[in-house]
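Listing of protein-v4.pdb; format and content: PDB, C-alpha atoms.
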```pdb
ATOM      1  CA  GLN A  16       0.000   0.000   0.000
ATOM      2  CA  VAL A  17       1.303   3.435  -0.923
ATOM      3  CA  GLU A  18       2.483   5.480   2.022
ATOM      4  CA  ARG A  19       2.493   9.253   1.600
ATOM      5  CA  ARG A  20       5.944  10.084   2.904
ATOM      6  CA  GLY A  21       5.128  13.792   3.177
ATOM      7  CA  PHE A  22       2.350  13.135   5.668
ATOM      8  CA  ALA A  23       4.357  10.410   7.403
ATOM      9  CA  MET A  24       6.733  13.186   8.495
ATOM     10  CA  TYR A  25       3.870  14.756  10.428
ATOM     11  CA  SER A  26       1.976  11.664  11.585
ATOM     12  CA  GLU A  27       3.907  11.183  14.832
ATOM     13  CA  ALA A  28       3.896  14.922  15.535
ATOM     14  CA  ALA A  29       0.152  15.038  14.844
ATOM     15  CA  LYS A  30      -0.471  12.168  17.243
ATOM     16  CA  ASN A  31       1.704  13.778  19.907
ATOM     17  CA  VAL A  32       0.029  17.187  19.777
ATOM     18  CA  THR A  33      -3.423  15.571  19.665
ATOM     19  CA  ARG A  34      -2.624  13.528  22.752
ATOM     20  CA  ASP A  35      -1.273  16.680  24.401
ATOM     21  CA  LEU A  36      -4.540  18.476  23.642
ATOM     22  CA  VAL A  37      -6.511  15.576  25.144
ATOM     23  CA  GLY A  38      -4.300  15.576  28.233
ATOM     24  CA  ARG A  39      -4.833  19.285  28.843
ATOM     25  CA  ARG A  40      -8.634  19.133  28.893
ATOM     26  CA  ARG A  41     -10.630  18.750  32.086
ATOM     27  CA  ASP A  42     -14.239  17.566  32.365
ATOM     28  CA  ASP A  43     -14.699  17.695  28.571
ATOM     29  CA  ARG A  44     -16.064  14.707  26.713
ATOM     30  CA  ILE A  45     -13.769  14.111  23.728
ATOM     31  CA  GLY A  46     -14.037  11.661  20.840
ATOM     32  CA  ALA A  47     -12.050  10.906  17.694
ATOM     33  CA  VAL A  48     -13.021  10.251  14.080
ATOM     34  CA  ILE A  49     -10.524   8.978  11.504
ATOM     35  CA  PHE A  50     -11.117   9.367   7.795
ATOM     36  CA  ALA A  51      -9.713   8.940   4.324
ATOM     37  CA  GLU A  52     -11.961   7.590   1.555
ATOM     38  CA  ASN A  53     -14.572   7.132   4.282
ATOM     39  CA  ALA A  54     -14.989   8.142   7.922
ATOM     40  CA  TYR A  55     -15.002   5.933  11.006
ATOM     41  CA  THR A  56     -15.381   6.552  14.731
ATOM     42  CA  LEU A  57     -12.126   5.724  16.469
ATOM     43  CA  CYS A  58     -13.509   6.556  19.900
ATOM     44  CA  PRO A  59     -16.940   7.926  20.919
ATOM     45  CA  LEU A  60     -17.215  10.888  23.284
ATOM     46  CA  THR A  61     -15.582   9.938  26.558
ATOM     47  CA  LEU A  62     -14.032  11.264  29.756
ATOM     48  CA  ASP A  63     -11.554   8.381  29.788
ATOM     49  CA  TYR A  64      -8.633  10.361  28.387
ATOM     50  CA  SER A  65      -6.124   7.549  28.958
ATOM     51  CA  ILE A  66      -7.853   5.090  26.651
ATOM     52  CA  LEU A  67      -8.454   7.796  24.021
ATOM     53  CA  SER A  68      -4.787   8.773  24.150
ATOM     54  CA  THR A  69      -3.744   5.128  23.763
ATOM     55  CA  MET A  70      -6.009   4.645  20.753
ATOM     56  CA  ILE A  71      -4.535   7.744  19.091
ATOM     57  CA  ALA A  72      -0.992   6.578  19.835
ATOM     58  CA  ASP A  73      -1.709   3.203  18.203
ATOM     59  CA  LEU A  74      -2.885   4.765  14.924
ATOM     60  CA  GLN A  75      -0.808   3.922  11.863
ATOM     61  CA  LEU A  76      -0.860   5.223   8.302
ATOM     62  CA  GLY A  77      -2.714   2.829   6.021
ATOM     63  CA  VAL A  78      -5.043   1.489   8.726
ATOM     64  CA  ILE A  79      -7.871   2.603   6.421
ATOM     65  CA  ASP A  80      -7.899   3.098   2.649
ATOM     66  CA  ASP A  81      -6.057   6.380   2.067
ATOM     67  CA  LYS A  82      -6.538   6.808  -1.681
ATOM     68  CA  ALA A  83      -9.037   9.640  -1.206
ATOM     69  CA  THR A  84     -10.247  12.181   1.356
ATOM     70  CA  ALA A  85     -13.855  12.497   2.522
ATOM     71  CA  ILE A  86     -13.877  15.665   4.622
ATOM     72  CA  GLY A  87     -17.660  16.056   4.479
ATOM     73  CA  ASN A  88     -18.209  12.532   5.779
ATOM     74  CA  ALA A  89     -15.725  13.149   8.599
ATOM     75  CA  ILE A  90     -17.553  16.297   9.678
ATOM     76  CA  GLY A  91     -20.910  14.520   9.376
ATOM     77  CA  MET A  92     -19.700  11.652  11.544
ATOM     78  CA  SER A  93     -18.393  14.130  14.129
ATOM     79  CA  ILE A  94     -21.684  16.035  14.129
ATOM     80  CA  ASN A  95     -23.593  12.811  14.802
ATOM     81  CA  ARG A  96     -21.418  12.282  17.851
ATOM     82  CA  LEU A  97     -21.940  15.839  19.112
ATOM     83  CA  ARG A  98     -25.539  16.679  18.247
ATOM     84  CA  LYS A  99     -27.086  14.964  21.274
ATOM     85  CA  SER A 100     -24.623  16.530  23.691
ATOM     86  CA  ASP A 101     -26.010  19.117  26.109
ATOM     87  CA  ALA A 102     -22.643  20.899  26.393
ATOM     88  CA  LYS A 103     -22.709  24.669  25.889
ATOM     89  CA  SER A 104     -19.580  24.563  23.748
ATOM     90  CA  LYS A 105     -19.208  22.017  20.925
ATOM     91  CA  VAL A 106     -16.065  21.928  18.811
ATOM     92  CA  ILE A 107     -14.699  19.882  15.915
ATOM     93  CA  ILE A 108     -10.955  20.004  15.182
ATOM     94  CA  LEU A 109     -10.362  18.912  11.580
ATOM     95  CA  LEU A 110      -6.807  17.775  10.804
ATOM     96  CA  THR A 111      -6.230  17.007   7.109
ATOM     97  CA  ASP A 112      -3.495  16.966   4.478
ATOM     98  CA  GLY A 113      -5.618  17.109   1.337
ATOM     99  CA  ALA A 114      -8.659  18.387  -0.488
ATOM    100  CA  SER A 115     -12.039  16.667  -0.217
ATOM    101  CA  ASN A 116     -12.457  14.329  -3.205
ATOM    102  CA  ALA A 117     -14.658  11.517  -1.873
ATOM    103  CA  GLY A 118     -17.718  10.852   0.264
ATOM    104  CA  ASN A 119     -21.446  11.336  -0.112
ATOM    105  CA  LEU A 120     -21.746  14.480   2.053
ATOM    106  CA  PRO A 121     -20.322  17.704   0.562
ATOM    107  CA  PRO A 122     -18.118  19.608   3.031
ATOM    108  CA  ASP A 123     -20.126  22.828   2.605
ATOM    109  CA  GLN A 124     -23.342  21.010   3.476
ATOM    110  CA  ALA A 125     -21.707  19.415   6.505
ATOM    111  CA  THR A 126     -20.485  22.879   7.532
ATOM    112  CA  SER A 127     -24.035  24.203   7.272
ATOM    113  CA  PHE A 128     -25.259  21.417   9.565
ATOM    114  CA  ALA A 129     -22.531  22.248  12.081
ATOM    115  CA  LYS A 130     -23.400  25.942  12.000
ATOM    116  CA  THR A 131     -27.083  25.191  12.587
ATOM    117  CA  LEU A 132     -26.212  23.107  15.642
ATOM    118  CA  GLY A 133     -23.807  25.722  17.009
ATOM    119  CA  ILE A 134     -20.718  23.577  16.474
ATOM    120  CA  LYS A 135     -17.454  25.413  15.785
ATOM    121  CA  ILE A 136     -14.965  23.880  13.343
ATOM    122  CA  TYR A 137     -11.238  24.505  13.755
ATOM    123  CA  THR A 138      -9.346  23.391  10.647
ATOM    124  CA  VAL A 139      -5.652  22.512  10.426
ATOM    125  CA  LEU A 140      -4.091  21.931   6.999
ATOM    126  CA  VAL A 141      -1.025  19.725   7.506
ATOM    127  CA  GLY A 142       1.965  19.233   5.215
ATOM    128  CA  GLU A 143       3.374  20.827   2.101
ATOM    129  CA  LYS A 144       1.025  22.530  -0.277
ATOM    130  CA  ASP A 145       0.815  20.122  -3.191
ATOM    131  CA  GLU A 146       3.789  17.797  -3.615
ATOM    132  CA  SER A 147       5.263  14.946  -1.603
ATOM    133  CA  GLU A 148       7.255  11.800  -2.160
ATOM    134  CA  VAL A 149       5.520   8.421  -2.112
ATOM    135  CA  ALA A 150       6.996   4.937  -1.902
ATOM    136  CA  SER A 151       6.841   3.237  -5.306
ATOM    137  CA  GLY A 152       8.872   0.064  -4.729
ATOM    138  CA  PHE A 153      12.446  -1.090  -4.247
ATOM    139  CA  ASP A 154      15.526  -1.088  -6.428
ATOM    140  CA  PHE A 155      17.850  -4.051  -7.075
ATOM    141  CA  PHE A 156      19.624  -3.445  -3.757
ATOM    142  CA  ARG A 157      16.317  -3.351  -1.830
ATOM    143  CA  ASN A 158      16.529   0.397  -1.295
ATOM    144  CA  GLN A 159      13.206   2.195  -1.079
ATOM    145  CA  ILE A 160      12.334   4.137  -4.226
ATOM    146  CA  PHE A 161      10.268   7.315  -3.955
ATOM    147  CA  ARG A 162       8.557   9.321  -6.654
ATOM    148  CA  THR A 163       7.087  12.805  -6.556
ATOM    149  CA  HIS A 164       3.342  12.776  -6.057
ATOM    150  CA  SER A 165       1.041  15.772  -6.337
ATOM    151  CA  THR A 166      -1.556  15.934  -3.562
ATOM    152  CA  PRO A 167      -4.450  18.356  -4.096
ATOM    153  CA  VAL A 168      -5.159  20.736  -1.246
ATOM    154  CA  ASN A 169      -7.955  23.215  -0.716
ATOM    155  CA  PRO A 170      -7.116  25.778   1.988
ATOM    156  CA  GLU A 171      -9.968  27.993   0.774
ATOM    157  CA  LEU A 172     -12.481  25.285   1.730
ATOM    158  CA  LEU A 173     -10.982  24.899   5.197
ATOM    159  CA  ARG A 174     -10.940  28.655   5.731
ATOM    160  CA  ARG A 175     -14.589  28.841   4.724
ATOM    161  CA  MET A 176     -15.597  25.989   7.014
ATOM    162  CA  SER A 177     -13.939  27.554  10.042
ATOM    163  CA  LYS A 178     -15.135  31.089   9.294
ATOM    164  CA  GLU A 179     -18.781  30.092   8.819
ATOM    165  CA  THR A 180     -18.899  28.207  12.114
ATOM    166  CA  GLY A 181     -16.914  30.678  14.226
ATOM    167  CA  GLY A 182     -13.773  28.563  14.439
ATOM    168  CA  ALA A 183     -10.330  29.300  12.968
ATOM    169  CA  PHE A 184      -8.063  28.058  10.168
ATOM    170  CA  PHE A 185      -4.411  27.048  10.628
ATOM    171  CA  GLU A 186      -1.800  25.924   8.106
ATOM    172  CA  ALA A 187       0.990  23.736   9.490
ATOM    173  CA  THR A 188       3.872  23.343   7.043
ATOM    174  CA  ASP A 189       6.246  21.858   9.621
ATOM    175  CA  THR A 190       6.161  20.229  13.035
ATOM    176  CA  ASN A 191       6.677  23.481  14.941
ATOM    177  CA  SER A 192       3.787  25.236  13.196
ATOM    178  CA  LEU A 193       1.606  22.190  13.857
ATOM    179  CA  VAL A 194       2.349  22.452  17.570
ATOM    180  CA  ARG A 195       1.672  26.211  17.519
ATOM    181  CA  SER A 196      -1.641  25.613  15.764
ATOM    182  CA  PHE A 197      -2.836  23.197  18.414
ATOM    183  CA  HIS A 198      -1.736  25.517  21.226
ATOM    184  CA  ALA A 199      -3.683  28.343  19.567
ATOM    185  CA  ILE A 200      -6.745  26.085  19.488
ATOM    186  CA  LEU A 201      -6.199  25.233  23.152
ATOM    187  CA  ASP A 202      -6.086  28.940  24.005
ATOM    188  CA  ALA A 203      -9.320  29.514  22.090
ATOM    189  CA  LEU A 204     -11.009  26.628  23.906
ATOM    190  CA  GLU A 205      -9.909  28.006  27.266
ATOM    191  CA  ARG A 206     -11.364  31.429  26.427
ATOM    192  CA  SER A 207     -14.581  29.704  25.384
ATOM    193  CA  ARG A 208     -14.639  27.778  28.666
ATOM    194  CA  ILE A 209     -14.384  31.033  30.668
ATOM    195  CA  ALA A 210     -17.103  32.681  28.555
ATOM    196  CA  ASP A 211     -19.430  29.714  29.103
ATOM    197  CA  ARG A 212     -19.289  29.920  32.876
ATOM    198  CA  GLY A 213     -22.194  32.346  32.866
ATOM    199  CA  VAL A 214     -23.092  34.877  35.545
ATOM    200  CA  ILE A 215     -21.565  34.383  38.982
ATOM    201  CA  TYR A 216     -23.814  35.497  41.819
ATOM    202  CA  GLY A 217     -22.604  36.676  45.213
ATOM    203  CA  GLU A 218     -24.124  38.187  48.329
ATOM    204  CA  VAL A 219     -23.250  41.883  48.699
ATOM    205  CA  PHE A 220     -25.813  42.950  51.320
ATOM    206  CA  PRO A 221     -23.370  42.809  54.309
ATOM    207  CA  GLN A 222     -21.448  45.838  53.069
ATOM    208  CA  TYR A 223     -24.686  47.901  53.040
ATOM    209  CA  LEU A 224     -26.140  46.516  56.285
ATOM    210  CA  TRP A 225     -24.438  48.837  58.794
ATOM    211  CA  PRO A 226     -25.002  52.020  56.754
ATOM    212  CA  ALA A 227     -28.681  51.074  56.465
ATOM    213  CA  LEU A 228     -28.984  50.491  60.198
ATOM    214  CA  PHE A 229     -27.196  53.789  60.904
ATOM    215  CA  LEU A 230     -29.588  55.681  58.619
ATOM    216  CA  ALA A 231     -32.566  53.920  60.181
TER     217      ALA A 231
END
```
Do you think you could lay out the structure here as structure tokens?
Amino acid sequence: QVERRGFAMYSEAAKNVTRDLVGRRRDDRIGAVIFAENAYTLCPLTLDYSILSTMIADLQLGVIDDKATAIGNAIGMSINRLRKSDAKSKVIILLTDGASNAGNLPPDQATSFAKTLGIKIYTVLVGEKDESEVASGFDFFRNQIFRTHSTPVNPELLRRMSKETGGAFFEATDTNSLVRSFHAILDALERSRIADRGVIYGEVFPQYLWPALFLA
């Protein structure tokens, strides 16, 4: 099976920063959806961060057919996991290295569903813009042979998805920018957490009690 070497460079970094994001959350139910030509639930929404982190760590390239990318299906699957949640803040983080070219749910339609349900989409475009090296066999000495492969990307789509739902778009062209992107998302989630705490009530009558008695 063909392995996209360009994305392989980021796969371990992507798993590490995703696990770091999971480890930094508190009292948030988190799930994971993996996708390529189709979308599958890796882990439903859970508070068991250890098992989710382990499942992410065990992911390998090629575990599902990676000849195409179904972004709309991935968002649709994520929405199905979130739509029954009673949480005030619902977020999808979409990590992808290519344009949507498969699936039966168009990404724009999936984005519309997310917007209607108040779900924010944060998108992260990973890897080089359009070219990478892929394994194409071995030479006589059993050395791996790579050939240049053009991978379509669509940053405009990802920008539109995040903008329409109130999320944000990030482009990670190396490991460091990938880490910065996830930390920016973490910061945004923390601000959202503070905003969702609502009004805090407190008793203030004691400070007016003695003046009132004096006036009386």
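As for CA of Arg34 (chain A) and CA of Ile94 (chain A), they are spaced 21.1 Å apart.
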Sorted by chain and rising residue number, list the residues of region 49-152 of chain A at most 8 Å from region 175-189 of chain A (counting all atoms listed in the file), each with its closest atom pair and distance in Å to one decimal, as a tab-separated table.
```
residue	atom	partner	partner_atom	distance
A:Pro122	CA	A:Met176	CA	7.9
A:Asp123	CA	A:Met176	CA	7.1
A:Thr126	CA	A:Met176	CA	5.8
A:Ala129	CA	A:Thr180	CA	7.0
A:Lys130	CA	A:Thr180	CA	5.0
A:Gly133	CA	A:Thr180	CA	7.4
A:Ile134	CA	A:Thr180	CA	6.6
A:Lys135	CA	A:Thr180	CA	4.8
A:Ile136	CA	A:Gly182	CA	5.0
A:Tyr137	CA	A:Gly182	CA	4.8
A:Thr138	CA	A:Phe184	CA	4.9
A:Val139	CA	A:Phe185	CA	4.7
A:Leu140	CA	A:Glu186	CA	4.7
A:Val141	CA	A:Ala187	CA	4.9
A:Gly142	CA	A:Thr188	CA	4.9
A:Glu143	CA	A:Thr188	CA	5.6
A:Lys144	CA	A:Thr188	CA	7.9
```
Open item on the list: Under the PyMOL selection byres ((chain A and resi 97) around 10), which residues of this model are included? Write them out as an NGL selection string.
Closed with: :A and (44-46 or 59-60 or 91-96 or 98-102 or 105-107 or 129 or 132 or 134)
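Here the question is which of A:Val168, A:Ile108, A:Ala117, A:Ala72 gets nearest to Ile200 (chain A) using all atoms listed in the file, and that residue is A:Ile108.
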Task: Explicit residue set for the PyMOL selection byres ((chain A and resi 121) around 12), as a PyMOL selection string - done: chain A and resi 84-91+114-120+122-128+172+176
Work out where the centre of an axis-aligned box around every listed atom of region 104-110 of chain A lies and how long its edges are once 4 Å is added on each side; give both in Å to one decimal as AutoDock Vina command-line options.
```
--center_x -13.2 --center_y 21.2 --center_z 17.3 --size_x 20.8 --size_y 14.8 --size_z 20.9
```
